[in-house]
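Q: The structure's right below; bear with me while I get my questions together.
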Amino acid sequence: MEGLPPLVDHHCHGVIRYAPDPGTFAAFLTEADRPPAAGTTFFDTQTGFAVRRWCPPLLGLPAHCPPEEYLARRRALGPDETRRRLLSATGIGAYLVDTGLPGDLTGPAETAAAGGATGHEVVRLETLAERTAAGYRGSAGAARAGEFADALAGAVRTAAATAVAFKSVAAYRHGLALDPRPPGPDEVRTAARAWLAAGAPRLTDPVLLRHLLRLAVATGRPLQLHTGFGDPDLRLDHADPALLTDLVRATADTGTDLVLLHCYPYHRQAAYLAGVFPHVYADVGLSLTHTGPRAAAVLAEFLELAPFGKLLFSTDAYGLPELYVVGSALFRVALGEVLGGWVASGAWSAADARRVGAMIAAGSARRVYGLAGGGDGGGGEGVGT
């Protein structure tokens with residue numbers, strides 16, 4: 001879609017700094033955590049085809065060239081030049097980077113610099129808690145559960161001073177059917193004592209997950225919640241955003257916005273929640289990246305119930321700069337197809353289509369996250385216009 005402002009990618013991850021081998025590259029094209037079935041490849045997916053459609057021309061190759069030709073060109077350019085060429089073509093003006101994943105990944109500033117944009121941090125709550133717990137694990141640390149609880153509250157407050165938002169992956173750790181009531185201090189200390197005594201590095205206790213959510217809500221920073229599909233570490237039926245309804249009601253008067261990430265295949269449920277609760281927003285990212293030429297149909301379904309100022313663009317790109325290219329290109333094409341079709345039918349005016357497109361692309365995210373107005377760079381209008 002033409003005429004959009006620089007995009008605000010309100011949820012994404014860092015890019016690997018090294019040159020991946022073919023198998024590693026292909027693994028980033030899927031949510032699977034295992035190799036492809038014998039005789040198949042992850043390049044034969046909507047994401048794989050989209051990479052071959054949009055990325056080769058940015059590296060001097062014809063669109064749809066074979067994967068091995070593309071990967072050879074990528075190796076010849078090296079990871080830094082590849083990252084610069086790809087990210088500078090996305091039209092993204094601001095990156096809100098979840099820094100909670102492990103690995104040799106670029107941070108917010110480095111990611112944004114490659115694309116001539118600005119970078120901001122999103123703090124993952126569970127990772128913050130696990131890092132805070134590192135000095136308290138084991139039976140000796142368990143005796144200091146109250147001290148840990150105080151340290152955790154302090155860590156959340158400190159993070160809120162610089163981060164633009166928090167994120168929770170409670171959908172992975174327990175599921176979204178959490179008790180909406182904030183746990184009391186005794187409950188928190190008891191749960192913390194058990195977790196620290198077990199020495200488990202991974203936080204899955206529902207009491208502590210609820211406590212983390214409430215600590216984040218109390219800061220007033222927007223809270224991103226993973227919903228819908230992801231890797232096999234989650235149960236998809238436990239990630240339906242409708243399961244958050246009681247929590248949404250319980251946080252309605254806190255002044256904190258909740259942003260439902262990804263959503264697919266429950267994007268209609270997410271759109272409904274965004275439609276009836278003023279503090280709930282829905283994210284179209286990742287859904288479009290994985291649906292390829294069907295992205296327009298999915299975007300149209302998001303727009304069935306959600307107020308137009310409650311939808312936000314993201315890529316959820318992780319690891320490969322190619323996924324930023326694909327996410328932004330498919331968004332532009334899908335938005336143009338959907339809104340352009342409604343203008344052609346007479347249902348919408350062209351002026352309204354441009355206004356709504358700008359809200360979804362950037363304006364609503366700037367409002368929700370308190371970002372400065374559209375002065376960011378980001379490589380012009382980007383691919384897919």
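If you're wondering about the labels, chains in the structure tokens are A, B, ... by order shown, residues count from 1 in each chain, ligands from 1 in order shown.
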Using only C-alpha atoms, which residues of region 7-96 of chain A come within 12 Å of region 240-264 of chain A, and what is the closest atom pair for each, with the distance in Å to one decimal? Give it as JSON lines, sorted by chain and residue number.
A:
```
{"residue": "A:His10", "atom": "CA", "partner": "A:Leu261", "partner_atom": "CA", "distance": 9.9}
{"residue": "A:His11", "atom": "CA", "partner": "A:Leu261", "partner_atom": "CA", "distance": 8.1}
{"residue": "A:Cys12", "atom": "CA", "partner": "A:Leu261", "partner_atom": "CA", "distance": 10.7}
```
Q: Go ahead and write the selection's residues with C-alpha atoms as a JSON list (two decimals), in the first residue's frame.
A:
```
[["chain", "number", "residue", "atom", "x", "y", "z"],
["A", 10, "HIS", "CA", 6.00, -3.01, 17.75],
["A", 11, "HIS", "CA", 7.10, -6.59, 18.43],
["A", 12, "CYS", "CA", 10.22, -8.23, 17.03]]
```
Q: Just list the residues in region 228-340 of chain A DSSP gives alpha helix (DSSP H) on the backbone, as a PyMOL selection string.
A: chain A and resi 245-250+267-276+287-291+295-305+321-340
Q: Keeping only C-alpha atoms, write those residues as an mmCIF file, in the first residue's frame.
A:
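New file selection.cif:
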```cif
data_model
loop_
_atom_site.group_PDB
_atom_site.id
_atom_site.type_symbol
_atom_site.label_atom_id
_atom_site.label_comp_id
_atom_site.auth_asym_id
_atom_site.auth_seq_id
_atom_site.Cartn_x
_atom_site.Cartn_y
_atom_site.Cartn_z
ATOM 1 C CA THR A 245 -11.304 -12.576 29.372
ATOM 2 C CA ASP A 246 -11.371 -12.599 33.179
ATOM 3 C CA LEU A 247 -7.883 -11.078 33.388
ATOM 4 C CA VAL A 248 -8.905 -8.436 30.863
ATOM 5 C CA ARG A 249 -11.917 -7.529 32.993
ATOM 6 C CA ALA A 250 -9.788 -7.431 36.132
ATOM 7 C CA HIS A 267 -7.519 -13.716 15.592
ATOM 8 C CA ARG A 268 -11.280 -13.233 15.559
ATOM 9 C CA GLN A 269 -11.390 -13.796 19.319
ATOM 10 C CA ALA A 270 -8.593 -11.243 19.756
ATOM 11 C CA ALA A 271 -10.427 -8.769 17.517
ATOM 12 C CA TYR A 272 -13.546 -9.228 19.632
ATOM 13 C CA LEU A 273 -11.668 -8.496 22.866
ATOM 14 C CA ALA A 274 -10.135 -5.395 21.276
ATOM 15 C CA GLY A 275 -13.609 -4.339 20.222
ATOM 16 C CA VAL A 276 -15.291 -4.532 23.620
ATOM 17 C CA SER A 287 0.002 -14.257 11.270
ATOM 18 C CA LEU A 288 0.661 -12.497 7.963
ATOM 19 C CA THR A 289 4.257 -13.738 7.692
ATOM 20 C CA HIS A 290 3.145 -17.359 7.888
ATOM 21 C CA THR A 291 0.105 -17.105 5.613
ATOM 22 C CA ALA A 295 -2.400 -12.749 4.322
ATOM 23 C CA ALA A 296 -5.067 -10.439 2.898
ATOM 24 C CA ALA A 297 -7.819 -12.847 3.936
ATOM 25 C CA VAL A 298 -6.429 -13.073 7.466
ATOM 26 C CA LEU A 299 -6.067 -9.300 7.742
ATOM 27 C CA ALA A 300 -9.658 -8.842 6.564
ATOM 28 C CA GLU A 301 -10.794 -11.160 9.350
ATOM 29 C CA PHE A 302 -8.898 -9.076 11.918
ATOM 30 C CA LEU A 303 -10.755 -6.024 10.581
ATOM 31 C CA GLU A 304 -14.198 -7.609 10.926
ATOM 32 C CA LEU A 305 -14.646 -6.713 14.607
ATOM 33 C CA PRO A 321 16.644 -10.086 8.576
ATOM 34 C CA GLU A 322 14.678 -11.731 5.769
ATOM 35 C CA LEU A 323 11.738 -12.118 8.126
ATOM 36 C CA TYR A 324 11.590 -8.349 8.605
ATOM 37 C CA VAL A 325 11.443 -7.961 4.824
ATOM 38 C CA VAL A 326 8.727 -10.585 4.438
ATOM 39 C CA GLY A 327 6.654 -9.284 7.352
ATOM 40 C CA SER A 328 6.655 -5.691 6.128
ATOM 41 C CA ALA A 329 6.091 -6.611 2.470
ATOM 42 C CA LEU A 330 3.176 -8.952 3.138
ATOM 43 C CA PHE A 331 1.617 -6.379 5.442
ATOM 44 C CA ARG A 332 1.768 -3.666 2.793
ATOM 45 C CA VAL A 333 0.421 -5.919 0.066
ATOM 46 C CA ALA A 334 -2.373 -7.320 2.249
ATOM 47 C CA LEU A 335 -3.349 -3.872 3.507
ATOM 48 C CA GLY A 336 -3.451 -2.513 -0.030
ATOM 49 C CA GLU A 337 -5.501 -5.440 -1.281
ATOM 50 C CA VAL A 338 -8.047 -5.303 1.542
ATOM 51 C CA LEU A 339 -8.496 -1.552 1.882
ATOM 52 C CA GLY A 340 -8.093 -0.956 -1.848
#
```
Q: Between A:Pro307, A:Gly116, A:Gly228, A:Gly319, single out the one closest to Leu286 (chain A), counting only C-alpha atoms.
A: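 The closest residue to Leu286 (chain A) is A:Gly228.
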Q: Mind pulling up the distance from CA of Leu176 (chain A) to CA of Arg235 (chain A)?
A: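 That distance, rounded to one decimal, is 10.2 Å.
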Q: Determine the nearest neighbour of Ile360 (chain A) from the options A:Tyr95, A:Tyr318, A:Phe308, A:Trp348, counting only C-alpha atoms.
A: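 Under the stated criterion, the closest residue is A:Phe308.
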Q: Which residues are close to His64 (chain A), i.e. within 10 Å by only C-alpha atoms, leaving aside same-chain residues fewer than 5 positions away? Reply as a PyMOL selection string.
A: chain A and resi 49-57+70
Q: Between A:Arg173, A:Arg75, A:His279, A:Arg202, single out the one closest to Arg137 (chain A), counting only C-alpha atoms.
A: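 The shortest atom-to-atom distance to Arg137 (chain A) comes from A:Arg202.
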Q: As a PyMOL selection string, please: the residues near Thr118 (chain A) (cut-off 7 Å, only C-alpha atoms, same-chain neighbours under 6 positions excluded).
A: chain A and resi 93-95+109+112+376
Q: Can you work out the spacing between CA of Ala117 (chain A) and CA of Ala165 (chain A) in Å, to one decimal?
A: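 Between these atoms lies a distance of 18.4 Å.
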Q: Distance CA of Pro5 (chain A)-CA of Leu58 (chain A), one decimal place?
A: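 Separation between CA of Pro5 (chain A) and CA of Leu58 (chain A): 21.0 Å.
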Q: Give me the residues within 10 Å of His211 (chain A) as an mmCIF file with N, CA and C atoms, in the first residue's frame, counting only C-alpha atoms and dropping any in the same chain fewer than 3 places off.
A:
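Now in around_23.cif:
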```cif
data_model
loop_
_atom_site.group_PDB
_atom_site.id
_atom_site.type_symbol
_atom_site.label_atom_id
_atom_site.label_comp_id
_atom_site.auth_asym_id
_atom_site.auth_seq_id
_atom_site.Cartn_x
_atom_site.Cartn_y
_atom_site.Cartn_z
ATOM 1 N N ALA A 149 11.334 -11.946 46.435
ATOM 2 C CA ALA A 149 10.112 -11.264 45.996
ATOM 3 C C ALA A 149 10.319 -9.764 45.938
ATOM 4 N N LEU A 152 12.495 -8.999 42.917
ATOM 5 C CA LEU A 152 11.754 -9.115 41.665
ATOM 6 C C LEU A 152 10.911 -7.866 41.418
ATOM 7 N N ALA A 153 10.220 -7.398 42.449
ATOM 8 C CA ALA A 153 9.424 -6.180 42.301
ATOM 9 C C ALA A 153 10.312 -5.003 41.917
ATOM 10 N N ARG A 181 -7.156 -12.985 39.790
ATOM 11 C CA ARG A 181 -6.925 -12.280 41.047
ATOM 12 C C ARG A 181 -5.430 -12.165 41.329
ATOM 13 N N PRO A 182 -4.978 -11.013 41.791
ATOM 14 C CA PRO A 182 -3.557 -10.907 42.157
ATOM 15 C C PRO A 182 -3.272 -11.757 43.383
ATOM 16 N N PRO A 183 -2.204 -12.542 43.375
ATOM 17 C CA PRO A 183 -1.902 -13.367 44.547
ATOM 18 C C PRO A 183 -1.449 -12.499 45.713
ATOM 19 N N GLY A 184 -1.738 -12.952 46.919
ATOM 20 C CA GLY A 184 -1.312 -12.228 48.109
ATOM 21 C C GLY A 184 0.153 -12.454 48.410
ATOM 22 N N PRO A 185 0.726 -11.645 49.295
ATOM 23 C CA PRO A 185 2.162 -11.768 49.628
ATOM 24 C C PRO A 185 2.551 -13.149 50.131
ATOM 25 N N GLU A 187 1.089 -16.025 49.410
ATOM 26 C CA GLU A 187 1.074 -16.937 48.257
ATOM 27 C C GLU A 187 2.346 -16.785 47.435
ATOM 28 N N VAL A 188 2.752 -15.537 47.213
ATOM 29 C CA VAL A 188 3.948 -15.279 46.401
ATOM 30 C C VAL A 188 5.184 -15.862 47.071
ATOM 31 N N ASP A 205 5.405 -21.637 37.497
ATOM 32 C CA ASP A 205 4.433 -21.594 38.588
ATOM 33 C C ASP A 205 3.350 -20.554 38.290
ATOM 34 N N PRO A 206 2.069 -20.939 38.301
ATOM 35 C CA PRO A 206 1.005 -19.982 37.943
ATOM 36 C C PRO A 206 0.877 -18.825 38.923
ATOM 37 N N VAL A 207 1.199 -19.040 40.196
ATOM 38 C CA VAL A 207 1.128 -17.936 41.156
ATOM 39 C C VAL A 207 2.168 -16.872 40.817
ATOM 40 N N LEU A 208 3.382 -17.302 40.529
ATOM 41 C CA LEU A 208 4.431 -16.337 40.199
ATOM 42 C C LEU A 208 4.180 -15.689 38.845
ATOM 43 N N ARG A 214 0.862 -8.800 37.365
ATOM 44 C CA ARG A 214 0.371 -7.688 38.185
ATOM 45 C C ARG A 214 1.464 -6.659 38.459
ATOM 46 N N LEU A 215 2.691 -7.114 38.652
ATOM 47 C CA LEU A 215 3.790 -6.164 38.816
ATOM 48 C C LEU A 215 3.945 -5.304 37.574
ATOM 49 N N ALA A 216 3.844 -5.923 36.406
ATOM 50 C CA ALA A 216 3.981 -5.177 35.157
ATOM 51 C C ALA A 216 2.825 -4.204 34.966
ATOM 52 N N VAL A 217 1.612 -4.666 35.228
ATOM 53 C CA VAL A 217 0.444 -3.801 35.073
ATOM 54 C C VAL A 217 0.565 -2.569 35.973
#
```
Q: With only C-alpha atoms as the atoms that count, which of A:Pro222, A:Gly341, A:Gly292, A:Gly39 lies nearest to Gly370 (chain A)?
A: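 Looking at the shortest contact to Gly370 (chain A), the residue is A:Pro222.
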Q: Excluding same-chain residues fewer than 2 positions from region 363-365 of chain A, what lies within 9 Å of it counting only C-alpha atoms, as a count of residues only?
A: 21
Q: For the strand (DSSP E or B) assignment from backbone DSSP, which residues of region 174-359 of chain A qualify? Please present them as a list in words.
A: Leu223, Gln224, Leu225, His226, Thr227, Leu258, Val259, Leu260, Leu261, His262, Val280, Tyr281, Ala282, Asp283, Leu311, Leu312 and Gly319 of chain A
Q: Restricted to C-alpha atoms, what would the selected residues look like written as a short mmCIF file (atom, residue, chain, number, x, y, z; two decimals), in the first residue's frame?
A:
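Full text of selection.cif as output:
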```cif
data_model
loop_
_atom_site.label_atom_id
_atom_site.label_comp_id
_atom_site.auth_asym_id
_atom_site.auth_seq_id
_atom_site.Cartn_x
_atom_site.Cartn_y
_atom_site.Cartn_z
CA LEU A 223 1.85 -5.35 28.50
CA GLN A 224 2.25 -7.64 25.49
CA LEU A 225 0.80 -11.14 25.86
CA HIS A 226 1.66 -14.03 23.58
CA THR A 227 -1.52 -15.61 22.23
CA LEU A 258 -2.87 -5.07 27.01
CA VAL A 259 -1.59 -6.00 23.54
CA LEU A 260 -2.50 -9.47 22.26
CA LEU A 261 0.32 -10.75 20.08
CA HIS A 262 0.08 -13.01 17.01
CA VAL A 280 -7.06 -4.22 24.68
CA TYR A 281 -5.22 -4.11 21.35
CA ALA A 282 -4.52 -6.84 18.80
CA ASP A 283 -1.40 -7.49 16.74
CA LEU A 311 -4.79 -3.07 15.41
CA LEU A 312 -0.99 -2.86 15.33
CA GLY A 319 17.02 -14.40 13.72
#
```
Q: For Leu196 (chain A), which residue among A:Ala159, A:Ala134, A:Leu212, A:Ala317 is the nearest when counting only C-alpha atoms?
A: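 Closest to Leu196 (chain A) of all the choices is A:Ala134.
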